[in-house]
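As stored in query.txt (compact mmCIF, C-alpha atoms):
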```
# COMPACT_ATOMS: atom_id res chain seq x y z
CA MET M 685 -30.78 35.87 -14.10
CA ALA M 686 -27.97 36.74 -11.71
CA ARG M 687 -28.77 36.24 -8.05
CA PRO M 688 -26.60 37.51 -5.21
CA CYS M 689 -25.37 34.99 -2.72
CA GLY M 690 -23.18 34.87 0.31
CA PRO M 691 -20.30 32.61 1.09
CA ALA M 692 -20.76 29.08 -0.19
CA PRO M 693 -23.30 27.18 -2.26
CA LEU M 694 -22.98 23.47 -1.52
CA LEU M 695 -23.41 21.29 -4.58
CA GLY M 696 -24.59 17.74 -4.01
CA GLU M 697 -26.68 15.60 -1.69
CA ALA M 698 -23.99 13.29 -0.38
CA PRO M 699 -23.22 13.13 3.35
CA ALA M 700 -20.35 15.54 2.73
CA ALA M 701 -22.98 18.21 2.13
CA GLY M 702 -23.78 17.99 5.84
CA GLY M 703 -21.55 21.05 6.18
CA ALA M 704 -24.45 23.25 5.08
CA GLU M 705 -25.84 23.82 8.57
CA PRO M 706 -22.65 25.04 10.28
CA VAL M 707 -21.99 27.40 7.36
CA GLU M 708 -25.45 28.92 7.59
CA ARG M 709 -25.07 29.12 11.36
CA GLY M 710 -21.89 31.14 10.83
CA VAL M 711 -23.57 33.42 8.32
CA ARG M 712 -26.41 34.19 10.71
CA ALA M 713 -23.95 34.74 13.56
CA ARG M 714 -22.29 37.36 11.38
CA GLY M 715 -25.57 39.27 11.40
CA ASP M 716 -26.85 38.49 7.90
CA ASP M 717 -30.50 37.62 7.58
CA ASP M 718 -30.57 36.12 4.10
CA PRO M 719 -30.18 32.35 3.76
CA TYR M 720 -26.87 32.19 1.92
CA VAL M 721 -26.39 28.46 1.78
CA ARG M 722 -27.91 26.56 -1.11
CA ARG M 723 -27.52 22.97 -2.16
CA GLU M 724 -28.17 21.86 -5.70
CA LEU M 725 -29.75 18.38 -5.66
CA ARG M 726 -31.68 16.08 -7.91
CA ALA M 727 -35.44 15.99 -7.63
CA ARG M 728 -36.67 15.59 -4.10
CA GLY M 729 -38.04 12.15 -3.46
CA GLU M 730 -36.19 10.60 -6.40
CA PRO M 731 -35.27 7.04 -5.42
CA VAL M 732 -31.77 6.43 -4.20
CA GLN M 733 -29.99 3.10 -3.89
CA GLN M 734 -30.68 1.55 -0.53
CA GLY M 735 -27.58 -0.61 -0.56
CA ARG M 736 -25.00 1.78 0.85
CA THR M 737 -24.70 0.93 4.52
CA GLY M 738 -22.83 3.50 6.58
CA PHE M 739 -20.82 2.60 9.65
CA VAL M 740 -20.58 5.79 11.66
CA GLY M 741 -17.41 5.71 13.69
CA ALA M 742 -16.33 7.02 17.04
CA PHE M 743 -15.18 10.47 15.92
CA VAL M 744 -18.62 11.23 14.45
CA GLU M 745 -20.47 9.93 17.50
CA GLY M 746 -18.23 12.18 19.58
CA VAL M 747 -19.23 15.36 17.73
CA ASP M 748 -20.66 17.76 20.28
CA GLU M 749 -23.71 19.97 19.96
CA GLU M 750 -21.70 23.15 19.47
CA HIS M 751 -19.55 21.67 16.71
CA ASP M 752 -22.33 20.46 14.43
CA PRO M 753 -25.78 20.31 16.00
CA LEU M 754 -27.54 19.11 12.84
CA VAL M 755 -25.45 15.96 12.39
CA ARG M 756 -25.45 15.30 16.12
CA ARG M 757 -29.22 15.71 16.35
CA VAL M 758 -30.11 13.38 13.47
CA GLY M 759 -27.66 10.80 14.80
CA GLN M 760 -29.32 10.88 18.22
CA GLN M 761 -32.77 10.64 16.65
CA HIS M 762 -31.65 7.66 14.60
CA LEU M 763 -30.29 5.81 17.63
CA ARG M 764 -33.35 6.62 19.76
CA GLY M 765 -35.76 5.66 16.98
CA THR M 766 -37.45 9.08 17.01
CA ASP M 767 -36.82 9.91 13.34
CA GLN M 768 -40.41 9.12 12.28
CA ARG M 769 -39.48 6.09 10.16
CA GLU M 770 -41.72 3.07 10.56
CA VAL M 771 -39.32 0.50 9.11
CA GLY M 772 -37.19 -1.15 11.76
CA GLU M 773 -33.42 -0.69 11.50
CA ASP M 774 -30.31 -1.68 13.36
CA ARG M 775 -30.03 1.17 15.85
CA ARG M 776 -27.71 -0.53 18.32
CA LEU M 777 -24.30 0.68 19.39
CA HIS M 778 -21.84 -1.89 18.03
CA THR M 779 -18.88 -2.82 20.22
CA ALA M 780 -17.63 -6.09 18.69
CA CYS M 781 -17.20 -7.96 15.44
CA GLU M 782 -16.41 -11.60 14.71
CA PHE M 783 -13.85 -13.20 12.40
CA ARG M 784 -14.34 -16.73 11.14
CA PHE M 785 -11.35 -18.57 9.71
CA ASP M 786 -9.80 -22.03 9.87
CA GLY M 787 -13.22 -23.38 10.80
CA GLU M 788 -13.37 -21.44 14.07
CA ARG M 789 -14.97 -18.21 15.32
CA TYR M 790 -13.07 -15.38 17.01
CA ARG M 791 -14.91 -12.48 18.60
CA PHE M 792 -13.05 -9.16 18.56
CA PRO M 793 -14.28 -6.79 21.34
CA TYR M 794 -13.05 -3.46 20.00
CA GLY M 795 -15.34 -1.60 22.40
CA GLU M 796 -13.38 -2.93 25.36
CA LEU M 797 -10.08 -1.98 23.72
CA THR M 798 -11.03 1.60 22.79
CA ASP M 799 -13.96 2.47 25.07
CA SER M 800 -15.70 3.47 21.83
CA HIS M 801 -18.27 2.10 19.43
CA HIS M 802 -19.93 2.71 16.10
CA PHE M 803 -23.43 2.40 14.75
CA VAL M 804 -25.06 1.55 11.45
CA TYR M 805 -26.65 4.44 9.56
CA PRO M 806 -27.65 3.55 5.97
CA GLN M 807 -26.40 6.36 3.78
CA PRO M 808 -29.69 7.09 1.95
CA LEU M 809 -31.42 7.43 5.32
CA LEU M 810 -28.72 9.75 6.64
CA VAL M 811 -29.07 11.98 3.58
CA THR M 812 -32.87 11.97 3.93
CA ASP M 813 -32.64 12.86 7.62
CA LEU M 814 -30.12 15.66 7.02
CA VAL M 815 -32.29 17.16 4.28
CA ARG M 816 -35.44 16.92 6.40
CA GLU M 817 -33.77 18.46 9.45
CA TYR M 818 -32.02 21.22 7.50
CA ALA M 819 -34.89 22.19 5.19
CA ASP M 820 -38.13 21.25 6.97
CA VAL M 821 -37.15 21.82 10.59
CA ARG M 822 -34.58 24.62 10.35
CA GLY M 823 -35.85 26.39 7.26
CA GLY M 824 -32.66 26.07 5.23
CA GLN M 825 -32.85 26.73 1.49
CA ILE M 826 -32.33 23.85 -0.92
CA ARG M 827 -32.86 23.88 -4.68
CA PHE M 828 -34.15 20.48 -5.75
CA GLY M 829 -34.12 19.11 -9.26
CA VAL M 830 -31.83 21.70 -10.82
CA ARG M 831 -30.23 20.97 -14.20
CA ASP M 832 -27.22 22.13 -16.21
CA VAL M 833 -25.18 23.00 -13.14
CA ARG M 834 -21.87 24.73 -13.90
CA VAL M 835 -19.15 26.27 -11.75
CA HIS M 836 -17.42 29.45 -12.94
CA ASP M 837 -14.47 31.68 -12.03
CA ILE M 838 -13.10 29.58 -9.17
CA ASP M 839 -9.75 31.36 -9.45
CA THR M 840 -11.30 34.73 -8.69
CA ASP M 841 -12.56 36.16 -5.42
CA ARG M 842 -16.12 35.99 -6.75
CA PRO M 843 -16.89 32.55 -8.17
CA SER M 844 -20.39 31.61 -9.25
CA VAL M 845 -22.66 28.65 -9.85
CA SER M 846 -25.17 28.57 -12.69
CA TYR M 847 -28.12 26.24 -13.15
CA SER M 848 -31.48 25.89 -14.86
CA CYS M 849 -34.58 26.20 -12.71
CA PRO M 850 -36.59 22.95 -13.03
CA GLU M 851 -39.96 24.73 -12.82
CA THR M 852 -39.39 27.52 -15.37
CA GLY M 853 -36.26 26.53 -17.27
CA GLU M 854 -34.84 29.94 -16.35
CA HIS M 855 -31.05 30.18 -16.33
CA ARG M 856 -29.85 31.41 -12.95
CA VAL M 857 -26.45 32.44 -11.64
CA VAL M 858 -25.52 32.48 -7.95
CA HIS M 859 -22.49 34.59 -7.05
CA CYS M 860 -20.58 33.62 -3.93
CA ASP M 861 -17.28 33.68 -2.06
CA PHE M 862 -16.62 29.91 -2.09
CA VAL M 863 -18.05 26.78 -3.69
CA ALA M 864 -18.26 23.47 -1.80
CA GLY M 865 -18.17 20.47 -4.12
CA CYS M 866 -20.08 17.63 -2.43
CA ASP M 867 -21.53 16.11 -5.59
CA GLY M 868 -19.62 12.84 -5.84
CA ALA M 869 -17.31 11.25 -8.37
CA ARG M 870 -19.41 12.17 -11.41
CA GLY M 871 -20.39 15.66 -10.31
CA VAL M 872 -19.62 18.93 -11.99
CA THR M 873 -17.28 20.31 -9.32
CA ARG M 874 -14.54 17.74 -9.75
CA ALA M 875 -14.80 18.17 -13.52
CA SER M 876 -14.34 21.91 -13.00
CA LEU M 877 -10.80 21.49 -11.66
CA PRO M 878 -8.10 22.64 -14.09
CA PRO M 879 -6.68 19.37 -15.52
CA LYS M 880 -3.07 20.49 -15.33
CA ARG M 881 -3.34 21.12 -11.59
CA VAL M 882 -4.98 17.85 -10.61
CA ARG M 883 -3.50 14.46 -9.82
CA VAL M 884 -5.83 11.49 -9.41
CA ALA M 885 -4.17 8.52 -7.68
CA ARG M 886 -6.03 5.27 -8.35
CA HIS M 887 -5.86 1.71 -7.06
CA ASP M 888 -7.75 -1.34 -8.35
CA TYR M 889 -7.88 -4.40 -6.08
CA GLY M 890 -8.82 -6.76 -8.91
CA ILE M 891 -11.60 -8.08 -6.70
CA GLY M 892 -15.39 -7.90 -6.80
CA TRP M 893 -17.99 -8.20 -4.07
CA LEU M 894 -21.48 -9.49 -4.69
CA ALA M 895 -23.59 -7.19 -2.50
CA LEU M 896 -26.75 -8.86 -1.27
CA LEU M 897 -29.74 -7.68 0.70
CA ALA M 898 -31.63 -10.59 2.21
CA GLY M 899 -35.08 -10.68 3.73
CA ALA M 900 -33.78 -12.67 6.69
CA PRO M 901 -32.82 -11.80 10.26
CA PRO M 902 -29.11 -11.54 11.07
CA SER M 903 -27.55 -14.81 12.11
CA ALA M 904 -25.29 -13.15 14.69
CA ASP M 905 -25.52 -10.08 16.89
CA CYS M 906 -22.56 -8.37 15.21
CA VAL M 907 -20.73 -7.95 11.93
CA LEU M 908 -19.19 -11.21 10.65
CA PHE M 909 -16.06 -11.51 8.50
CA GLY M 910 -15.47 -14.88 6.88
CA CYS M 911 -11.90 -15.37 5.57
CA HIS M 912 -12.15 -18.56 3.52
CA ALA M 913 -10.16 -20.33 0.81
CA LYS M 914 -13.15 -19.91 -1.53
CA GLY M 915 -13.30 -16.18 -0.92
CA PHE M 916 -14.38 -13.55 1.57
CA ALA M 917 -17.91 -13.35 2.98
CA GLY M 918 -19.44 -10.78 5.29
CA GLN M 919 -22.63 -10.23 7.25
CA MET M 920 -23.77 -6.73 8.30
CA PRO M 921 -27.05 -6.48 10.26
CA ARG M 922 -29.49 -3.94 8.84
CA SER M 923 -32.68 -4.55 10.81
CA PRO M 924 -34.35 -7.37 12.74
CA GLU M 925 -35.75 -8.63 9.41
CA VAL M 926 -33.11 -7.59 6.83
CA THR M 927 -29.41 -8.45 6.56
CA ARG M 928 -26.66 -7.23 4.26
CA TYR M 929 -24.29 -9.91 2.96
CA TYR M 930 -21.19 -9.77 0.79
CA LEU M 931 -19.51 -12.51 -1.23
CA GLN M 932 -16.16 -12.16 -2.95
CA CYS M 933 -16.51 -12.73 -6.69
CA PRO M 934 -14.63 -11.89 -9.90
CA PRO M 935 -14.72 -8.18 -10.78
CA GLY M 936 -17.40 -7.38 -13.32
CA ASP M 937 -19.27 -10.61 -12.58
CA ASP M 938 -22.92 -10.85 -13.59
CA PRO M 939 -25.26 -11.00 -10.56
CA GLU M 940 -27.38 -13.45 -12.54
CA ASN M 941 -24.54 -15.95 -12.18
CA TRP M 942 -25.53 -16.13 -8.52
CA PRO M 943 -28.97 -17.73 -8.14
CA HIS M 944 -30.57 -18.14 -4.74
CA GLU M 945 -29.25 -21.65 -4.11
CA ARG M 946 -25.66 -20.80 -5.02
CA VAL M 947 -25.64 -17.64 -2.89
CA TRP M 948 -26.78 -19.38 0.26
CA ALA M 949 -24.55 -22.41 -0.27
CA GLU M 950 -21.51 -20.11 -0.54
CA LEU M 951 -22.53 -18.00 2.45
CA GLN M 952 -23.11 -21.07 4.59
CA GLU M 953 -19.69 -22.46 3.69
CA ARG M 954 -17.65 -19.25 3.93
CA LEU M 955 -19.26 -18.08 7.19
CA GLY M 956 -19.47 -21.51 8.75
CA ALA M 957 -17.56 -22.28 11.95
CA SER M 958 -17.43 -24.94 14.62
CA GLY M 959 -20.29 -24.76 17.08
CA VAL M 960 -22.40 -22.14 15.27
CA PRO M 961 -25.81 -22.86 13.73
CA PRO M 962 -26.39 -22.40 10.00
CA LEU M 963 -27.26 -18.96 8.71
CA THR M 964 -30.94 -18.09 8.60
CA GLU M 965 -31.83 -17.95 4.91
CA GLY M 966 -34.40 -15.78 3.20
CA ARG M 967 -35.45 -14.10 -0.03
CA LEU M 968 -32.76 -12.11 -1.85
CA ILE M 969 -34.07 -8.56 -2.22
CA GLU M 970 -31.06 -7.15 -4.05
CA LYS M 971 -28.01 -8.44 -5.92
CA ARG M 972 -25.30 -6.28 -7.47
CA VAL M 973 -21.56 -6.53 -8.02
CA LEU M 974 -19.17 -3.91 -6.63
CA ASP M 975 -15.69 -3.70 -8.10
CA MET M 976 -13.19 -2.79 -5.40
CA HIS M 977 -11.20 0.34 -6.27
CA ASP M 978 -10.00 3.58 -4.68
CA TYR M 979 -8.98 7.03 -5.83
CA VAL M 980 -7.71 10.23 -4.25
CA VAL M 981 -7.86 13.66 -5.91
CA GLU M 982 -5.09 16.09 -5.05
CA PRO M 983 -5.36 18.92 -4.38
CA MET M 984 -8.83 18.97 -2.81
CA VAL M 985 -8.86 22.76 -3.20
CA SER M 986 -8.49 24.88 -6.32
CA GLY M 987 -8.95 28.60 -5.90
CA ARG M 988 -12.30 29.11 -4.19
CA LEU M 989 -13.54 25.56 -4.91
CA PHE M 990 -13.33 23.05 -2.02
CA LEU M 991 -14.06 19.37 -2.69
CA ALA M 992 -15.46 17.04 -0.05
CA GLY M 993 -16.50 13.39 0.14
CA ASP M 994 -16.55 11.24 -2.99
CA ALA M 995 -15.84 14.26 -5.17
CA ALA M 996 -12.35 14.19 -3.65
CA HIS M 997 -11.75 10.57 -2.70
CA LEU M 998 -13.31 7.15 -2.99
CA ILE M 999 -12.46 4.27 -0.71
CA ALA M 1000 -13.67 0.73 -1.37
CA PRO M 1001 -16.21 -0.59 1.16
CA ILE M 1002 -13.63 -3.06 2.47
CA ALA M 1003 -13.00 -1.01 5.62
CA ALA M 1004 -16.38 0.80 5.69
CA LYS M 1005 -14.71 4.22 5.87
CA GLY M 1006 -16.36 6.20 3.06
CA LEU M 1007 -19.20 7.73 5.07
CA ASN M 1008 -16.87 8.67 7.93
CA LEU M 1009 -14.45 10.40 5.58
CA ALA M 1010 -17.26 12.37 3.96
CA LEU M 1011 -18.58 13.56 7.31
CA HIS M 1012 -15.07 14.41 8.50
CA ASP M 1013 -14.59 16.59 5.40
CA ALA M 1014 -17.91 18.29 6.07
CA PHE M 1015 -17.04 19.06 9.69
CA LEU M 1016 -13.64 20.52 8.78
CA LEU M 1017 -14.95 22.60 5.88
CA GLY M 1018 -17.96 23.83 7.84
CA ASP M 1019 -15.80 24.92 10.77
CA ALA M 1020 -13.29 26.59 8.44
CA LEU M 1021 -15.98 28.60 6.67
CA VAL M 1022 -17.57 29.61 9.97
CA ALA M 1023 -14.20 30.84 11.24
CA HIS M 1024 -13.67 32.83 8.05
CA LEU M 1025 -17.14 34.37 8.18
CA THR M 1026 -17.30 35.22 11.86
CA VAL M 1027 -13.77 36.21 12.90
CA GLY M 1028 -11.85 36.44 9.63
CA ASP M 1029 -9.68 33.44 10.50
CA ASP M 1030 -8.52 31.72 7.29
CA SER M 1031 -6.23 29.14 8.89
CA GLY M 1032 -8.87 26.42 8.64
CA LEU M 1033 -9.44 27.05 4.95
CA GLY M 1034 -5.71 27.11 4.32
CA GLY M 1035 -5.16 23.82 6.13
CA TYR M 1036 -8.34 22.07 4.99
CA ALA M 1037 -6.86 19.91 2.23
CA GLN M 1038 -3.88 18.74 4.26
CA ALA M 1039 -6.01 17.92 7.31
CA CYS M 1040 -8.44 15.89 5.18
CA LEU M 1041 -5.81 14.08 3.15
CA ARG M 1042 -3.85 12.87 6.16
CA ARG M 1043 -6.91 10.94 7.33
CA VAL M 1044 -7.81 9.90 3.77
CA TRP M 1045 -4.42 8.30 3.14
CA ASP M 1046 -4.42 6.66 6.56
CA TYR M 1047 -7.78 5.05 5.83
CA GLN M 1048 -6.64 4.02 2.34
CA GLU M 1049 -3.63 2.24 3.83
CA PHE M 1050 -5.86 0.47 6.35
CA SER M 1051 -8.21 -0.60 3.55
CA GLN M 1052 -5.30 -2.16 1.64
CA TRP M 1053 -4.10 -3.97 4.77
CA LEU M 1054 -7.59 -5.22 5.56
CA SER M 1055 -8.12 -6.35 1.97
CA GLU M 1056 -5.21 -8.75 2.33
CA VAL M 1057 -6.73 -10.07 5.58
CA TYR M 1058 -10.10 -10.61 3.89
CA HIS M 1059 -8.92 -11.94 0.55
CA GLY M 1060 -5.45 -13.39 1.04
CA THR M 1061 -6.61 -16.90 1.90
CA ALA M 1062 -8.42 -17.08 -1.48
CA ALA M 1063 -5.52 -15.77 -3.57
CA GLY M 1064 -4.46 -19.21 -4.75
CA ASP M 1065 -0.99 -18.58 -3.37
CA PRO M 1066 0.03 -20.75 -0.37
CA PHE M 1067 2.51 -18.11 0.80
CA ARG M 1068 -0.12 -15.33 0.86
CA ALA M 1069 -2.60 -17.64 2.53
CA GLY M 1070 -0.07 -18.46 5.24
CA THR M 1071 0.83 -14.82 5.95
CA THR M 1072 -2.86 -13.89 5.99
CA LEU M 1073 -3.64 -16.50 8.62
CA ALA M 1074 -0.64 -15.27 10.63
CA ARG M 1075 -2.09 -11.75 10.60
CA LEU M 1076 -5.47 -13.03 11.74
CA ARG M 1077 -4.02 -15.13 14.56
CA ARG M 1078 -1.92 -12.18 15.73
CA LEU M 1079 -5.09 -10.13 16.32
CA PHE M 1080 -6.14 -12.66 18.94
CA THR M 1081 -2.77 -13.42 20.53
CA SER M 1082 -1.05 -10.01 20.67
CA PRO M 1083 -2.62 -7.23 22.76
CA ALA M 1084 -0.54 -4.65 20.87
CA ALA M 1085 -1.78 -5.88 17.49
CA ALA M 1086 -5.37 -5.98 18.76
CA ALA M 1087 -5.15 -2.42 20.11
CA ALA M 1088 -3.69 -1.12 16.84
CA PHE M 1089 -6.40 -2.80 14.78
CA ALA M 1090 -9.18 -1.51 17.05
CA GLU M 1091 -7.86 2.05 16.76
CA GLN M 1092 -7.83 1.87 12.95
CA TYR M 1093 -11.16 0.04 12.73
CA LEU M 1094 -12.94 2.74 14.74
CA GLY M 1095 -10.83 5.73 13.68
CA THR M 1096 -9.91 6.76 17.22
CA ALA M 1097 -6.32 7.89 16.65
CA ALA M 1098 -5.48 11.15 18.45
CA ARG M 1099 -4.18 12.66 15.23
CA TYR M 1100 -3.53 11.73 11.62
```
What does the file become when written as structure tokens?
Amino acid sequence: MARPCGPAPLLGEAPAAGGAEPVERGVRARGDDDPYVRRELRARGEPVQQGRTGFVGAFVEGVDEEHDPLVRRVGQQHLRGTDQREVGEDRRLHTACEFRFDGERYRFPYGELTDSHHFVYPQPLLVTDLVREYADVRGGQIRFGVRDVRVHDIDTDRPSVSYSCPETGEHRVVHCDFVAGCDGARGVTRASLPPKRVRVARHDYGIGWLALLAGAPPSADCVLFGCHAKGFAGQMPRSPEVTRYYLQCPPGDDPENWPHERVWAELQERLGASGVPPLTEGRLIEKRVLDMHDYVVEPMVSGRLFLAGDAAHLIAPIAAKGLNLALHDAFLLGDALVAHLTVGDDSGLGGYAQACLRRVWDYQEFSQWLSEVYHGTAAGDPFRAGTTLARLRRLFTSPAAAAAFAEQYLGTAARY
């Protein structure tokens, strides 16, 4: 069955699909009554991994109500604790982190250097809150549980999206002006790009992280980075009772190689420093190994198909930039579609890929630099270990180096 549609179905449930609300706002401002925006998701309520912690940076926190009220509203609800969740979370504004190396601790007050902050917003919770706000509160249309999604005719002025209705099995086709691909690395939109037009740049760090969720309170009031000869370790507070930890390990390692006693012994050693008490230990709720790698898809646009988020680029969690990049894509694409729909201005659509990729490559470079800071002391190379320690010391002896790092860490550069 063919179904008419307006400008842009959004495929996917990733944070990049947060552009749905500004697009629909633009459609309604144009005077159309029908809900043109649709998102094709998996079944509502299907479990999602809880391990993806999102650090929402300064540029997202600075989004004003006119620019993207949906994202701004759910962010404010999350920080105020008015999002109807009973489980406690880390809702504080973070203004500092702490490095531990050479047996000492060094607090880095990036809030003082930038007059900015970030906050923790676990990605599954952000997606849940966006869906609830968009569908339940604002009446937006979402198709849950669809199957056999395909994208067609992206090189024409009337592309379409087809899918099978989960309730009836009926084959449906949605005709539109644009398609927004927010469905991640394994989604159908990226696979729909003509192979001869696409370049995928990849980078493998040759490093793994054992990602741990512990039923234990954080042992410090901020994020900890341990740069140790035995490997990197990190602590990211999640709630008063739950803490995220990371341990550097070989790529592809088996989590079962890391029993409870070994995990805590390594964390205690790698995050240990003079004058600090031992970490508070607890039950390990989750263990999985993440292989550190990146990719960037160019171009992010093909015909009437616009990619966003992980469909277009993946950045290792080393610098905690993935969620911010996805939201940045969503803001740019949403604004560009609104401008096209309301005033016929196509400059935003024409410049979308370039504007996104400048920030993407900047964050990729920072991730590579930070990887050497985290992992260089464990490389088994005395020269790399020495230069890594020099980089770390410079952060705490050079105001210029500290200011540059704070700007990159929070993403507060005036332009990219």
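For the residues M:Gly1064, M:Pro1001, M:Gly890, M:Gly993, ranking by smallest atom-to-atom distance to M:Ala1037 using only C-alpha atoms places M:Gly993 first.
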Open item on the list: List as a list in words the protein and nucleic acid residues near M:Pro901, meaning an atom at most 12 Å away when only C-alpha atoms are counted, but skip any in the same chain fewer than 5 places from it.
Closed with: Gly772, Glu773, Asp774, Cys906, Gln919, Met920, Pro921, Arg922, Ser923, Pro924, Glu925, Val926, Thr927, Arg928, Tyr929, Leu963, Thr964, Glu965, Gly966 and Arg967 of chain M
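When only C-alpha atoms are used to measure the gap to M:Leu777, the shortest distance among M:Ala1097, M:Leu814, M:Ala913, M:Val907 belongs to M:Val907.
Rounded to one decimal, atom CA of M:Gly892 and atom CA of M:Glu788 lie 25.0 Å from each other.
Residue nearest M:Asp905 within the list M:Ser848, M:Asn941, M:Thr779, M:Thr798: M:Thr779 [criterion: smallest interatomic distance, all atoms listed in the file].
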Task: Atom-to-atom span, atom CA of M:Asp837 and atom CA of M:Leu1011, Å - done: 26.8 Å
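The coordinates place atom CA of M:Pro934 at 22.7 Å from atom CA of M:Asp786.
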So that I can see what lies close to M:His944, please list as a PDB file with C-alpha atoms, in the frame of the given file the residues with an atom at most 9 Å from it, counting all atoms listed in the file and leaving out residues fewer than 4 positions away in the same chain.
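Below you can see around-v3.pdb, which holds the result:
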```
ATOM      1  CA  TRP M 948     -26.780 -19.380   0.260  1.00  0.00           C
ATOM      2  CA  ALA M 949     -24.550 -22.410  -0.270  1.00  0.00           C
ATOM      3  CA  ARG M 967     -35.450 -14.100  -0.030  1.00  0.00           C
ATOM      4  CA  LEU M 968     -32.760 -12.110  -1.850  1.00  0.00           C
TER       5      LEU M 968
END
```
TODO: Using all atoms listed in the file, determine which residues lie at most 6 Å from M:Leu989, disregarding the query and same-chain residues fewer than 2 positions distant; provide the list as a VMD selection string.
DONE: chain M and resid 838 863 985 to 987
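Shortest separation to M:Asp867 among M:Phe990, M:Phe803, M:Tyr818, M:Phe916 occurs at residue M:Phe990, atoms counted being all atoms listed in the file.
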Task: Nearest candidate to M:Ala900 (options M:Arg784, M:Ile969, M:Arg831, M:Ala1098; using all atoms listed in the file) - done: M:Ile969
TODO: Within 6 Å of stretch 971-973 of chain M, counting all atoms listed in the file, which residues show up once you throw out same-chain ones fewer than 3 positions away? Write them as a list in words, please.
DONE: Trp893, Leu894, Ala895, Leu896 and Pro939 of chain M
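Non-sequential neighbours of M:Ile891 (distance at most 7 Å, separation of 6 or more positions within a chain, all atoms listed in the file) are M:Cys933, M:Pro934, M:Pro935, M:Asp975, M:Met976.
Within a radius of 10 Å around (-11.1, -17.4, 14.3), the polymer residues are Glu782, Phe783, Arg784, Phe785, Asp786, Gly787, Glu788, Arg789, Tyr790, Arg791, Phe792, Phe909, Gly910, Cys911, Ala957, Ser958, Leu1073, Leu1076, Arg1077, Leu1079 and Phe1080 of chain M, counting all atoms listed in the file.
Taking only C-alpha atoms into account, M:Asp888 lies nearest to M:Gln1052 out of the set M:Gln1052, M:Thr1061, M:Thr1071, M:Thr812.
Only residues having an atom at most 8 Å from (-16.3, 28.3, 8.3) are included; using all atoms listed in the file, these are Pro706, Val707, Gly710, Leu1017, Gly1018, Asp1019, Ala1020, Leu1021, Val1022, Ala1023, His1024, Leu1025, Thr1026, Gly1032 and Leu1033 of chain M.
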What would the file look like if the residues just selected were written as a CSV table (one decimal), in the frame of the given file with C-alpha atoms?
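What ended up in out.csv:
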```
chain,number,residue,atom,x,y,z
M,706,PRO,CA,-22.6,25.0,10.3
M,707,VAL,CA,-22.0,27.4,7.4
M,710,GLY,CA,-21.9,31.1,10.8
M,1017,LEU,CA,-15.0,22.6,5.9
M,1018,GLY,CA,-18.0,23.8,7.8
M,1019,ASP,CA,-15.8,24.9,10.8
M,1020,ALA,CA,-13.3,26.6,8.4
M,1021,LEU,CA,-16.0,28.6,6.7
M,1022,VAL,CA,-17.6,29.6,10.0
M,1023,ALA,CA,-14.2,30.8,11.2
M,1024,HIS,CA,-13.7,32.8,8.0
M,1025,LEU,CA,-17.1,34.4,8.2
M,1026,THR,CA,-17.3,35.2,11.9
M,1032,GLY,CA,-8.9,26.4,8.6
M,1033,LEU,CA,-9.4,27.0,5.0
```
Centre and size of axis-aligned box enclosing stretch 826-834 of chain M plus 8 Å each side, as JSON:
```
{"center_x": -28.0, "center_y": 21.9, "center_z": -8.6, "size_x": 28.3, "size_y": 21.6, "size_z": 31.3}
```
Since the input has fewer atoms than a full residue there, write stretch 1052-1061 of chain M out with N, CA and C atoms, as a PDB file, in the coordinates of the input.
```
ATOM      1  N   GLN M1052      -6.179  -1.210   2.337  1.00  0.00           N
ATOM      2  CA  GLN M1052      -5.300  -2.160   1.640  1.00  0.00           C
ATOM      3  C   GLN M1052      -4.878  -3.297   2.569  1.00  0.00           C
ATOM      4  N   TRP M1053      -4.512  -2.953   3.804  1.00  0.00           N
ATOM      5  CA  TRP M1053      -4.100  -3.970   4.770  1.00  0.00           C
ATOM      6  C   TRP M1053      -5.253  -4.943   5.039  1.00  0.00           C
ATOM      7  N   LEU M1054      -6.435  -4.390   5.241  1.00  0.00           N
ATOM      8  CA  LEU M1054      -7.590  -5.220   5.560  1.00  0.00           C
ATOM      9  C   LEU M1054      -8.006  -6.078   4.361  1.00  0.00           C
ATOM     10  N   SER M1055      -7.803  -5.565   3.159  1.00  0.00           N
ATOM     11  CA  SER M1055      -8.120  -6.350   1.970  1.00  0.00           C
ATOM     12  C   SER M1055      -7.299  -7.636   1.928  1.00  0.00           C
ATOM     13  N   GLU M1056      -6.032  -7.540   2.303  1.00  0.00           N
ATOM     14  CA  GLU M1056      -5.210  -8.750   2.330  1.00  0.00           C
ATOM     15  C   GLU M1056      -5.705  -9.723   3.392  1.00  0.00           C
ATOM     16  N   VAL M1057      -6.174  -9.203   4.536  1.00  0.00           N
ATOM     17  CA  VAL M1057      -6.730 -10.070   5.580  1.00  0.00           C
ATOM     18  C   VAL M1057      -7.988 -10.774   5.061  1.00  0.00           C
ATOM     19  N   TYR M1058      -8.855 -10.033   4.393  1.00  0.00           N
ATOM     20  CA  TYR M1058     -10.100 -10.610   3.890  1.00  0.00           C
ATOM     21  C   TYR M1058      -9.878 -11.593   2.744  1.00  0.00           C
ATOM     22  N   HIS M1059      -8.989 -11.236   1.828  1.00  0.00           N
ATOM     23  CA  HIS M1059      -8.920 -11.940   0.550  1.00  0.00           C
ATOM     24  C   HIS M1059      -7.681 -12.805   0.364  1.00  0.00           C
ATOM     25  N   GLY M1060      -6.708 -12.683   1.257  1.00  0.00           N
ATOM     26  CA  GLY M1060      -5.450 -13.390   1.040  1.00  0.00           C
ATOM     27  C   GLY M1060      -5.567 -14.895   1.033  1.00  0.00           C
ATOM     28  N   THR M1061      -6.477 -15.450   1.854  1.00  0.00           N
ATOM     29  CA  THR M1061      -6.610 -16.900   1.900  1.00  0.00           C
ATOM     30  C   THR M1061      -7.189 -17.472   0.611  1.00  0.00           C
TER      31      THR M1061
END
```
